[in-house]
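As stored in model-v4.tsv (TSV, C-alpha atoms):
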chain	number	residue	atom	x	y	z
A	95	MET	CA	58.20	-66.35	65.70
A	96	ALA	CA	57.50	-65.22	69.26
A	97	GLU	CA	54.84	-62.62	69.88
A	98	MET	CA	57.36	-60.37	71.63
A	99	ILE	CA	60.85	-59.47	70.43
A	100	ARG	CA	63.57	-59.06	73.05
A	101	LEU	CA	65.79	-56.09	72.21
A	102	ARG	CA	69.02	-55.18	74.04
A	103	VAL	CA	70.34	-51.66	73.45
A	104	LYS	CA	73.71	-50.35	74.57
A	105	ARG	CA	73.09	-46.83	75.83
A	106	GLN	CA	75.36	-43.95	76.79
A	107	ASP	CA	74.28	-40.42	77.68
A	108	GLY	CA	77.36	-38.84	76.13
A	109	PRO	CA	80.88	-39.55	74.89
A	110	ASN	CA	82.33	-39.42	78.40
A	111	ALA	CA	79.42	-41.04	80.25
A	112	ALA	CA	79.32	-44.63	81.43
A	113	SER	CA	77.57	-47.12	79.15
A	114	ARG	CA	74.73	-49.40	80.18
A	115	TRP	CA	72.47	-52.03	78.67
A	116	GLU	CA	68.70	-51.69	78.58
A	117	GLU	CA	66.27	-54.40	77.45
A	118	PHE	CA	62.91	-53.96	75.79
A	119	ASN	CA	60.02	-56.17	74.70
A	120	ILE	CA	58.71	-55.17	71.28
A	121	PRO	CA	55.45	-56.59	69.84
A	122	TYR	CA	56.20	-58.71	66.80
A	123	THR	CA	54.76	-57.83	63.41
A	124	LYS	CA	55.69	-59.30	60.05
A	125	ASN	CA	58.52	-57.53	58.17
A	126	LEU	CA	59.47	-55.54	61.28
A	127	ASN	CA	62.85	-53.83	61.02
A	128	VAL	CA	65.21	-52.41	63.63
A	129	ILE	CA	64.19	-48.81	62.97
A	130	ALA	CA	60.53	-49.66	63.59
A	131	MET	CA	61.48	-51.18	66.96
A	132	LEU	CA	63.38	-48.04	67.95
A	133	MET	CA	60.40	-45.92	66.91
A	134	HIS	CA	58.18	-48.09	69.10
A	135	ILE	CA	60.46	-47.31	72.05
A	136	GLN	CA	60.21	-43.59	71.24
A	137	LYS	CA	56.45	-43.77	71.63
A	138	ASN	CA	56.58	-45.93	74.75
A	139	PRO	CA	59.99	-45.78	76.48
A	140	VAL	CA	59.42	-48.56	79.00
A	141	MET	CA	61.95	-51.33	79.58
A	142	ALA	CA	61.15	-55.03	79.76
A	143	ASN	CA	61.12	-54.87	83.57
A	144	GLY	CA	58.42	-52.19	83.48
A	145	GLN	CA	60.75	-49.35	84.44
A	146	LYS	CA	60.37	-46.11	82.52
A	147	THR	CA	63.37	-44.75	80.62
A	148	THR	CA	64.15	-42.16	77.96
A	149	PRO	CA	63.71	-42.74	74.21
A	150	VAL	CA	66.77	-44.26	72.55
A	151	VAL	CA	68.72	-41.72	70.49
A	152	PHE	CA	69.53	-42.89	66.96
A	153	GLU	CA	69.83	-41.41	63.49
A	154	CYS	CA	67.85	-42.20	60.34
A	155	ASN	CA	66.68	-40.44	57.24
A	156	CYS	CA	65.69	-42.22	54.01
A	157	LEU	CA	64.64	-45.58	55.56
A	158	GLU	CA	65.48	-47.33	52.26
A	159	GLU	CA	69.23	-47.99	52.50
A	160	VAL	CA	70.31	-44.93	50.53
A	161	CYS	CA	71.49	-42.28	53.02
A	162	GLY	CA	73.64	-44.46	55.31
A	163	ALA	CA	72.57	-42.52	58.42
A	164	CYS	CA	71.18	-45.45	60.41
A	165	SER	CA	74.41	-47.44	60.61
A	166	MET	CA	74.86	-49.34	63.85
A	167	VAL	CA	76.15	-52.67	65.09
A	168	VAL	CA	73.31	-55.20	64.98
A	169	ASN	CA	74.05	-58.56	66.61
A	170	GLY	CA	77.76	-57.84	66.36
A	171	LYS	CA	77.77	-56.83	62.70
A	172	PRO	CA	77.84	-53.27	61.30
A	173	ARG	CA	74.82	-52.79	59.08
A	174	GLN	CA	71.89	-50.56	58.21
A	175	ALA	CA	69.09	-50.59	60.77
A	176	CYS	CA	66.45	-49.84	58.12
A	177	SER	CA	67.21	-53.01	56.15
A	178	SER	CA	67.82	-55.22	59.19
A	179	LEU	CA	64.68	-57.34	59.39
A	180	VAL	CA	63.70	-59.02	62.63
A	181	ASP	CA	62.76	-62.24	60.81
A	182	GLN	CA	66.41	-62.57	59.72
A	183	LEU	CA	67.97	-61.88	63.13
A	184	SER	CA	68.54	-64.15	66.11
A	185	GLN	CA	67.23	-63.10	69.51
A	186	PRO	CA	67.88	-61.31	71.71
A	187	ILE	CA	68.67	-58.62	69.16
A	188	THR	CA	71.54	-56.44	70.36
A	189	LEU	CA	72.12	-52.88	69.15
A	190	GLU	CA	75.37	-50.99	69.68
A	191	PRO	CA	76.77	-47.76	68.22
A	192	LEU	CA	79.62	-47.83	65.70
A	193	SER	CA	82.83	-47.89	67.73
A	194	LYS	CA	85.18	-46.24	65.22
A	195	PHE	CA	83.51	-42.83	65.41
A	196	THR	CA	82.96	-40.30	68.17
A	197	LEU	CA	79.82	-41.14	70.10
A	198	ILE	CA	77.15	-38.46	70.41
A	199	ARG	CA	74.60	-40.39	72.43
A	200	ASP	CA	73.24	-43.96	72.54
A	201	LEU	CA	73.33	-45.22	68.93
A	202	GLN	CA	74.16	-41.91	67.25
A	203	VAL	CA	77.76	-41.22	66.22
A	204	ASP	CA	79.59	-38.43	64.41
A	205	ARG	CA	80.77	-39.59	60.96
A	206	THR	CA	82.38	-36.23	60.11
A	207	ARG	CA	85.76	-37.93	59.74
A	208	MET	CA	84.55	-39.88	56.72
A	209	PHE	CA	83.35	-36.75	54.97
A	210	GLU	CA	86.60	-34.94	55.75
A	211	ASN	CA	88.48	-37.83	54.15
A	212	LEU	CA	86.40	-37.38	51.00
A	213	LYS	CA	87.57	-33.77	50.94
A	214	LYS	CA	91.18	-34.90	51.26
A	215	VAL	CA	90.92	-37.04	48.13
A	216	LYS	CA	88.86	-34.47	46.20
A	217	ALA	CA	85.95	-36.86	45.69
A	218	TRP	CA	84.12	-34.62	43.24
A	219	ILE	CA	84.39	-33.41	39.65
A	220	ASP	CA	85.18	-29.77	38.98
A	221	ILE	CA	82.61	-28.39	36.56
A	222	ASP	CA	82.16	-24.82	37.82
A	223	GLY	CA	82.91	-21.96	35.45
A	224	THR	CA	81.95	-18.42	34.56
A	225	TYR	CA	80.09	-19.66	31.49
A	226	ASP	CA	78.29	-22.75	30.23
A	227	LEU	CA	80.96	-25.40	29.75
A	228	GLY	CA	78.67	-27.53	27.62
A	229	ALA	CA	78.37	-31.28	27.67
A	230	GLY	CA	81.37	-33.18	28.98
A	231	PRO	CA	82.98	-36.23	27.37
A	232	ARG	CA	80.99	-39.45	27.44
A	233	MET	CA	82.08	-42.39	29.51
A	234	ALA	CA	82.48	-45.67	27.66
A	235	ALA	CA	79.80	-48.25	28.41
A	236	ARG	CA	82.42	-50.80	29.48
A	237	ASP	CA	83.72	-48.34	32.09
A	238	GLN	CA	80.22	-47.41	33.23
A	239	GLU	CA	79.51	-51.06	33.96
A	240	TRP	CA	82.28	-51.50	36.54
A	241	ALA	CA	82.26	-47.92	37.84
A	242	TYR	CA	78.55	-47.69	38.66
A	243	PRO	CA	78.73	-49.97	41.74
A	244	LEU	CA	81.39	-47.63	43.20
A	245	SER	CA	78.96	-44.71	42.93
A	246	ARG	CA	76.51	-46.48	45.24
A	247	CYS	CA	78.65	-45.69	48.30
A	248	MET	CA	76.54	-43.84	50.90
A	249	THR	CA	79.35	-43.14	53.40
A	250	CYS	CA	77.54	-45.28	55.95
A	251	GLY	CA	80.69	-46.24	57.84
A	252	CYS	CA	80.15	-50.01	57.87
A	253	CYS	CA	83.44	-50.63	56.05
A	254	ALA	CA	85.30	-48.37	58.49
A	255	GLU	CA	83.71	-50.11	61.49
A	256	SER	CA	84.90	-53.52	60.29
A	257	CYS	CA	88.42	-52.36	59.35
A	258	PRO	CA	91.10	-53.11	61.98
A	259	ASN	CA	93.29	-50.33	60.57
A	260	TYR	CA	90.64	-47.62	60.85
A	261	ASN	CA	90.45	-46.29	64.39
A	262	GLN	CA	90.91	-43.21	66.56
A	263	LYS	CA	94.68	-43.74	66.76
A	264	SER	CA	95.19	-44.23	63.02
A	265	ALA	CA	95.25	-41.71	60.17
A	266	PHE	CA	93.99	-44.31	57.68
A	267	ILE	CA	91.31	-42.72	55.48
A	268	GLY	CA	89.48	-46.03	55.04
A	269	PRO	CA	88.17	-48.12	52.15
A	270	ALA	CA	85.31	-45.79	51.16
A	271	ALA	CA	87.53	-42.80	50.34
A	272	ILE	CA	90.02	-44.92	48.41
A	273	SER	CA	87.23	-46.43	46.35
A	274	GLN	CA	85.94	-42.95	45.53
A	275	VAL	CA	89.38	-42.03	44.18
A	276	ARG	CA	89.07	-44.92	41.76
A	277	LEU	CA	85.55	-43.81	40.77
A	278	PHE	CA	86.37	-40.17	40.06
A	279	ASN	CA	89.70	-40.92	38.38
A	280	ALA	CA	87.82	-43.16	35.94
A	281	HIS	CA	85.49	-40.36	34.89
A	282	PRO	CA	86.66	-38.59	31.68
A	283	THR	CA	86.33	-35.18	33.33
A	284	GLY	CA	87.46	-36.24	36.79
A	285	GLU	CA	90.60	-37.77	35.29
A	286	MET	CA	92.03	-34.27	34.92
A	287	GLN	CA	92.57	-34.19	38.72
A	288	SER	CA	93.65	-37.82	38.98
A	289	HIS	CA	97.20	-36.93	40.02
A	290	ASP	CA	95.91	-34.80	42.89
A	291	ARG	CA	93.77	-37.67	44.15
A	292	LEU	CA	96.58	-40.21	43.85
A	293	ASP	CA	98.97	-37.88	45.66
A	294	ALA	CA	96.40	-37.60	48.48
A	295	ILE	CA	96.38	-41.35	49.09
A	296	MET	CA	100.15	-41.81	48.81
A	297	GLY	CA	100.98	-40.14	52.12
A	298	GLU	CA	100.19	-40.91	55.73
A	299	GLY	CA	96.85	-42.63	56.14
A	300	GLY	CA	96.74	-43.56	52.48
A	301	VAL	CA	96.43	-46.80	50.59
A	302	THR	CA	99.57	-48.36	52.10
A	303	ASP	CA	97.94	-48.26	55.55
A	304	CYS	CA	95.46	-50.92	54.43
A	305	GLY	CA	96.22	-54.24	56.12
A	306	ASN	CA	94.24	-56.27	53.57
A	307	ALA	CA	91.93	-57.79	56.18
A	308	GLN	CA	89.12	-57.67	53.56
A	309	ASN	CA	86.45	-57.19	56.21
A	310	CYS	CA	85.18	-54.10	54.39
A	311	VAL	CA	83.96	-55.93	51.32
A	312	ARG	CA	82.13	-58.47	53.49
A	313	VAL	CA	80.02	-55.94	55.38
A	314	CYS	CA	79.35	-53.32	52.67
A	315	PRO	CA	75.54	-53.09	52.35
A	316	LYS	CA	75.90	-52.05	48.71
A	317	GLU	CA	78.28	-54.90	47.85
A	318	ILE	CA	80.87	-52.47	46.49
A	319	PRO	CA	84.11	-54.22	45.40
A	320	LEU	CA	86.20	-52.26	47.90
A	321	THR	CA	89.19	-54.60	47.92
A	322	THR	CA	89.37	-54.43	44.12
A	323	SER	CA	89.43	-50.64	44.35
A	324	ILE	CA	92.17	-50.70	46.98
A	325	ALA	CA	94.27	-53.08	44.87
A	326	ASP	CA	93.79	-50.94	41.77
A	327	MET	CA	94.72	-47.76	43.63
A	328	GLY	CA	97.79	-49.54	44.96
A	329	ARG	CA	98.93	-50.15	41.39
A	330	GLN	CA	98.09	-46.63	40.30
A	331	THR	CA	99.99	-45.02	43.17
A	332	VAL	CA	103.09	-47.06	42.32
A	333	LYS	CA	102.89	-45.80	38.74
A	334	ARG	CA	102.39	-42.27	40.03
A	335	TRP	CA	105.43	-42.58	42.32
A	336	ILE	CA	107.61	-43.80	39.45
A	337	ASP	CA	106.34	-41.00	37.22
A	338	ARG	CA	107.14	-38.38	39.87
A	339	ALA	CA	110.59	-39.89	40.44
A	340	LEU	CA	111.43	-39.79	36.75
A	341	ARG	CA	110.29	-36.17	36.46
A	342	SER	CA	112.17	-34.94	39.51
Could you spell out this file's structure in structure tokens?
Amino acid sequence: MAEMIRLRVKRQDGPNAASRWEEFNIPYTKNLNVIAMLMHIQKNPVMANGQKTTPVVFECNCLEEVCGACSMVVNGKPRQACSSLVDQLSQPITLEPLSKFTLIRDLQVDRTRMFENLKKVKAWIDIDGTYDLGAGPRMAARDQEWAYPLSRCMTCGCCAESCPNYNQKSAFIGPAAISQVRLFNAHPTGEMQSHDRLDAIMGEGGVTDCGNAQNCVRVCPKEIPLTTSIADMGRQTVKRWIDRALRS
């Protein structure tokens, strides 16, 4: 491994500003990750050619692949910057912002759309009441086993970035929201609102907008079976449509 790491960062001062590339030399240390390199630039914002610049704007929080905040495109692949280790990346290492979300500045984007989609599908369980509702029904161990991986979603946006059907011109809610419908509909208490969630993904931007590219499951940092969830929700929405037709 070379003593210096060459880092190329795509920078942009705002959503309507012109983009540019800046290169940096970062001293190599063992187990160095992308976030550590960006922090090094914060302390010493000098490019490889010796010219001074401004610190690169990025977002991070937990630094242990839990919050999903540090999503960016690393060497052409959407991934978490905190778990992207230099020893596993080819040089020069290129960093770009996610392209499917509104850019704020440099590597920071606005993922509000993903959270709004979770609201659309009611990705929560109603437990509020004016009195203690007591313990809810238990979930069978066999269901816990397949449902737990779905709960690991951190709304990082990697699946949306890799999806050709998720973009600024499309209403598609994306793989993450559809998978959360499957998760909450499987819960004994959440099942009470299952029809509402299915109805939410049966309209425009719903499960039928998926083109089955299967990129999402390849880039998910939590290895969530997103395509399985989409297929299952496809079956469930068909059943829901038939049920509604028979009752109308």
In terms of all atoms listed in the file, the residue from A:Gly144, A:Gly230, A:Pro149, A:Gly251 at minimal distance from Asp107 (chain A) is A:Pro149
Exercise. Within 7 Å of Asn127 (chain A), counting all atoms listed in the file, which residues show up once you throw out same-chain ones fewer than 4 positions away? Write them as a list of chain:residue names, please.
Key: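 Those residues are A:Met131, A:Cys176, A:Ser177, A:Ser178, A:Leu179, A:Val180.
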Handout entry: Point-to-point distance from CA of Pro258 (chain A) to CA of Val103 (chain A), Å rounded to tenths
Key =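 One can read the CA of Pro258 (chain A) to CA of Val103 (chain A) distance as 23.8 Å.
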Within 12 Å of region 154-157 of chain A, counting only C-alpha atoms, which residues show up once you throw out same-chain ones fewer than 3 positions away? Write them as a PDB file with C-alpha atoms, keeping the file's coordinate frame, please.
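Here's the written file out36.pdb:
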ATOM      1  CA  ASN A 127      62.850 -53.830  61.020  1.00  0.00           C
ATOM      2  CA  VAL A 128      65.210 -52.410  63.630  1.00  0.00           C
ATOM      3  CA  ILE A 129      64.190 -48.810  62.970  1.00  0.00           C
ATOM      4  CA  ALA A 130      60.530 -49.660  63.590  1.00  0.00           C
ATOM      5  CA  LEU A 132      63.380 -48.040  67.950  1.00  0.00           C
ATOM      6  CA  MET A 133      60.400 -45.920  66.910  1.00  0.00           C
ATOM      7  CA  VAL A 151      68.720 -41.720  70.490  1.00  0.00           C
ATOM      8  CA  VAL A 160      70.310 -44.930  50.530  1.00  0.00           C
ATOM      9  CA  CYS A 161      71.490 -42.280  53.020  1.00  0.00           C
ATOM     10  CA  GLY A 162      73.640 -44.460  55.310  1.00  0.00           C
ATOM     11  CA  ALA A 163      72.570 -42.520  58.420  1.00  0.00           C
ATOM     12  CA  CYS A 164      71.180 -45.450  60.410  1.00  0.00           C
ATOM     13  CA  SER A 165      74.410 -47.440  60.610  1.00  0.00           C
ATOM     14  CA  MET A 166      74.860 -49.340  63.850  1.00  0.00           C
ATOM     15  CA  GLN A 174      71.890 -50.560  58.210  1.00  0.00           C
ATOM     16  CA  ALA A 175      69.090 -50.590  60.770  1.00  0.00           C
ATOM     17  CA  CYS A 176      66.450 -49.840  58.120  1.00  0.00           C
ATOM     18  CA  SER A 177      67.210 -53.010  56.150  1.00  0.00           C
ATOM     19  CA  SER A 178      67.820 -55.220  59.190  1.00  0.00           C
ATOM     20  CA  LEU A 201      73.330 -45.220  68.930  1.00  0.00           C
ATOM     21  CA  GLN A 202      74.160 -41.910  67.250  1.00  0.00           C
ATOM     22  CA  VAL A 203      77.760 -41.220  66.220  1.00  0.00           C
ATOM     23  CA  MET A 248      76.540 -43.840  50.900  1.00  0.00           C
ATOM     24  CA  CYS A 250      77.540 -45.280  55.950  1.00  0.00           C
TER      25      CYS A 250
END
Rank A:Arg334, A:Arg102, A:Lys213, A:Arg199 by their smallest atom-to-atom distance to Gly170 (chain A), using only C-alpha atoms, and report the top residue only.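 Using only C-alpha atoms, the shortest distance to Gly170 (chain A) belongs to A:Arg102.
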Fill in: Which residue of A:Phe195, A:Trp115, A:Phe266, A:Phe278 approaches Ser323 (chain A) most closely, using all atoms listed in the file
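Looking only at the distances to Ser323 (chain A), the closest residue turns out to be A:Phe278.
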**Message:** Could you check the closest approach to Asp204 (chain A) for each of A:Leu277, A:Ile267, A:Pro109, A:Asn138 and tell me which residue wins, using all atoms listed in the file?
**Reply:**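 Under the stated criterion, the closest residue is A:Pro109.
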Can you pull out every residue within 12 Å of Asn211 (chain A), counting all atoms listed in the file, but drop anything in the same chain fewer than 5 positions away, and send it as a PDB file with C-alpha atoms, keeping the file's coordinate frame?
ATOM      1  CA  ARG A 205      80.770 -39.590  60.960  1.00  0.00           C
ATOM      2  CA  THR A 206      82.380 -36.230  60.110  1.00  0.00           C
ATOM      3  CA  LYS A 216      88.860 -34.470  46.200  1.00  0.00           C
ATOM      4  CA  ALA A 217      85.950 -36.860  45.690  1.00  0.00           C
ATOM      5  CA  THR A 249      79.350 -43.140  53.400  1.00  0.00           C
ATOM      6  CA  ALA A 254      85.300 -48.370  58.490  1.00  0.00           C
ATOM      7  CA  ALA A 265      95.250 -41.710  60.170  1.00  0.00           C
ATOM      8  CA  PHE A 266      93.990 -44.310  57.680  1.00  0.00           C
ATOM      9  CA  ILE A 267      91.310 -42.720  55.480  1.00  0.00           C
ATOM     10  CA  GLY A 268      89.480 -46.030  55.040  1.00  0.00           C
ATOM     11  CA  PRO A 269      88.170 -48.120  52.150  1.00  0.00           C
ATOM     12  CA  ALA A 270      85.310 -45.790  51.160  1.00  0.00           C
ATOM     13  CA  ALA A 271      87.530 -42.800  50.340  1.00  0.00           C
ATOM     14  CA  ILE A 272      90.020 -44.920  48.410  1.00  0.00           C
ATOM     15  CA  SER A 273      87.230 -46.430  46.350  1.00  0.00           C
ATOM     16  CA  GLN A 274      85.940 -42.950  45.530  1.00  0.00           C
ATOM     17  CA  VAL A 275      89.380 -42.030  44.180  1.00  0.00           C
ATOM     18  CA  ARG A 291      93.770 -37.670  44.150  1.00  0.00           C
ATOM     19  CA  ALA A 294      96.400 -37.600  48.480  1.00  0.00           C
ATOM     20  CA  ILE A 295      96.380 -41.350  49.090  1.00  0.00           C
ATOM     21  CA  GLY A 299      96.850 -42.630  56.140  1.00  0.00           C
ATOM     22  CA  GLY A 300      96.740 -43.560  52.480  1.00  0.00           C
TER      23      GLY A 300
END
**Asked** So how far away is CA of Gln262 (chain A) from CA of Val168 (chain A), in Å?
**Response**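 So the answer is 21.4 Å.
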- Message: When you count all atoms listed in the file, which of these residues is closest to Asn110 (chain A): A:Leu197, A:Glu158, A:Asn259, A:Ser245?
- Response: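 Ranked by minimum distance to Asn110 (chain A), first place goes to A:Leu197.
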*Mind giving me the straight-line distance from CA of Gln330 (chain A) to CA of Cys247 (chain A) in Å, one decimal?*
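Between CA of Gln330 (chain A) and CA of Cys247 (chain A) the gap works out to 21.0 Å.
Restricting the calculation to all atoms listed in the file, the smallest distance between Leu292 (chain A) and any of A:Ile324, A:Leu189, A:Ala241, A:Cys252 is found for A:Ile324.
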*Selection: 10 Å around Lys171 (chain A), all atoms listed in the file, excl. self and same-chain fewer than 4 positions, as a PyMOL selection string*: chain A and resi 166-167+188-190+192+252+255-256+313
Give me the box for region 239-252 of chain A as JSON, namely the centre and edge lengths in Å to one decimal of a box along x, y and z that holds every listed atom plus 3 Å on each side.
{"center_x": 79.4, "center_y": -47.3, "center_z": 45.9, "size_x": 11.8, "size_y": 14.4, "size_z": 29.9}
Can you tell me which residues surround Gln145 (chain A) at a distance of at most 12 Å, considering only C-alpha atoms, apart from same-chain residues fewer than 2 positions away, and format the answer as a ChimeraX atom specification? /A:116-119,138-143,147-148
Would you mind completing region 211-236 of chain A to N, CA and C atoms and writing the output as an mmCIF file, in the frame of the given file?
data_model
loop_
_atom_site.group_PDB
_atom_site.id
_atom_site.type_symbol
_atom_site.label_atom_id
_atom_site.label_comp_id
_atom_site.auth_asym_id
_atom_site.auth_seq_id
_atom_site.Cartn_x
_atom_site.Cartn_y
_atom_site.Cartn_z
ATOM 1 N N ASN A 211 87.593 -37.026 54.984
ATOM 2 C CA ASN A 211 88.480 -37.830 54.150
ATOM 3 C C ASN A 211 88.108 -37.727 52.677
ATOM 4 N N LEU A 212 86.819 -37.585 52.386
ATOM 5 C CA LEU A 212 86.400 -37.380 51.000
ATOM 6 C C LEU A 212 86.922 -36.043 50.476
ATOM 7 N N LYS A 213 86.993 -35.053 51.344
ATOM 8 C CA LYS A 213 87.570 -33.770 50.940
ATOM 9 C C LYS A 213 89.054 -33.915 50.646
ATOM 10 N N LYS A 214 89.747 -34.713 51.456
ATOM 11 C CA LYS A 214 91.180 -34.900 51.260
ATOM 12 C C LYS A 214 91.496 -35.477 49.879
ATOM 13 N N VAL A 215 90.650 -36.390 49.418
ATOM 14 C CA VAL A 215 90.920 -37.040 48.130
ATOM 15 C C VAL A 215 90.180 -36.374 46.972
ATOM 16 N N LYS A 216 89.556 -35.219 47.240
ATOM 17 C CA LYS A 216 88.860 -34.470 46.200
ATOM 18 C C LYS A 216 87.842 -35.345 45.461
ATOM 19 N N ALA A 217 86.939 -35.940 46.239
ATOM 20 C CA ALA A 217 85.950 -36.860 45.690
ATOM 21 C C ALA A 217 84.790 -36.103 45.049
ATOM 22 N N TRP A 218 85.119 -35.350 44.026
ATOM 23 C CA TRP A 218 84.120 -34.620 43.240
ATOM 24 C C TRP A 218 84.730 -34.317 41.882
ATOM 25 N N ILE A 219 83.914 -33.790 40.986
ATOM 26 C CA ILE A 219 84.390 -33.410 39.650
ATOM 27 C C ILE A 219 84.195 -31.913 39.481
ATOM 28 N N ASP A 220 85.255 -31.213 39.156
ATOM 29 C CA ASP A 220 85.180 -29.770 38.980
ATOM 30 C C ASP A 220 84.484 -29.436 37.659
ATOM 31 N N ILE A 221 83.336 -28.774 37.771
ATOM 32 C CA ILE A 221 82.610 -28.390 36.560
ATOM 33 C C ILE A 221 82.209 -26.912 36.596
ATOM 34 N N ASP A 222 82.553 -26.222 37.689
ATOM 35 C CA ASP A 222 82.160 -24.820 37.820
ATOM 36 C C ASP A 222 82.928 -23.945 36.838
ATOM 37 N N GLY A 223 82.274 -22.903 36.356
ATOM 38 C CA GLY A 223 82.910 -21.960 35.450
ATOM 39 C C GLY A 223 82.097 -20.693 35.350
ATOM 40 N N THR A 224 82.653 -19.699 34.711
ATOM 41 C CA THR A 224 81.950 -18.420 34.560
ATOM 42 C C THR A 224 80.990 -18.446 33.379
ATOM 43 N N TYR A 225 80.980 -19.536 32.633
ATOM 44 C CA TYR A 225 80.090 -19.660 31.490
ATOM 45 C C TYR A 225 79.721 -21.126 31.327
ATOM 46 N N ASP A 226 78.749 -21.393 30.472
ATOM 47 C CA ASP A 226 78.290 -22.750 30.230
ATOM 48 C C ASP A 226 79.411 -23.559 29.574
ATOM 49 N N LEU A 227 79.860 -24.585 30.260
ATOM 50 C CA LEU A 227 80.960 -25.400 29.750
ATOM 51 C C LEU A 227 80.499 -26.420 28.724
ATOM 52 N N GLY A 228 79.181 -26.570 28.589
ATOM 53 C CA GLY A 228 78.670 -27.530 27.620
ATOM 54 C C GLY A 228 78.752 -28.952 28.136
ATOM 55 N N ALA A 229 78.358 -29.862 27.297
ATOM 56 C CA ALA A 229 78.370 -31.280 27.670
ATOM 57 C C ALA A 229 79.797 -31.798 27.782
ATOM 58 N N GLY A 230 80.044 -32.593 28.791
ATOM 59 C CA GLY A 230 81.370 -33.180 28.980
ATOM 60 C C GLY A 230 81.539 -34.430 28.140
ATOM 61 N N PRO A 231 82.730 -35.012 28.145
ATOM 62 C CA PRO A 231 82.980 -36.230 27.370
ATOM 63 C C PRO A 231 82.165 -37.400 27.915
ATOM 64 N N ARG A 232 81.783 -38.278 27.033
ATOM 65 C CA ARG A 232 80.990 -39.450 27.440
ATOM 66 C C ARG A 232 81.912 -40.519 27.990
ATOM 67 N N MET A 233 81.350 -41.279 28.909
ATOM 68 C CA MET A 233 82.080 -42.390 29.510
ATOM 69 C C MET A 233 81.727 -43.667 28.765
ATOM 70 N N ALA A 234 82.709 -44.431 28.410
ATOM 71 C CA ALA A 234 82.480 -45.670 27.660
ATOM 72 C C ALA A 234 81.600 -46.619 28.462
ATOM 73 N N ALA A 235 80.741 -47.332 27.755
ATOM 74 C CA ALA A 235 79.800 -48.250 28.410
ATOM 75 C C ALA A 235 80.529 -49.301 29.238
ATOM 76 N N ARG A 236 81.671 -49.766 28.748
ATOM 77 C CA ARG A 236 82.420 -50.800 29.480
ATOM 78 C C ARG A 236 82.940 -50.267 30.818
#
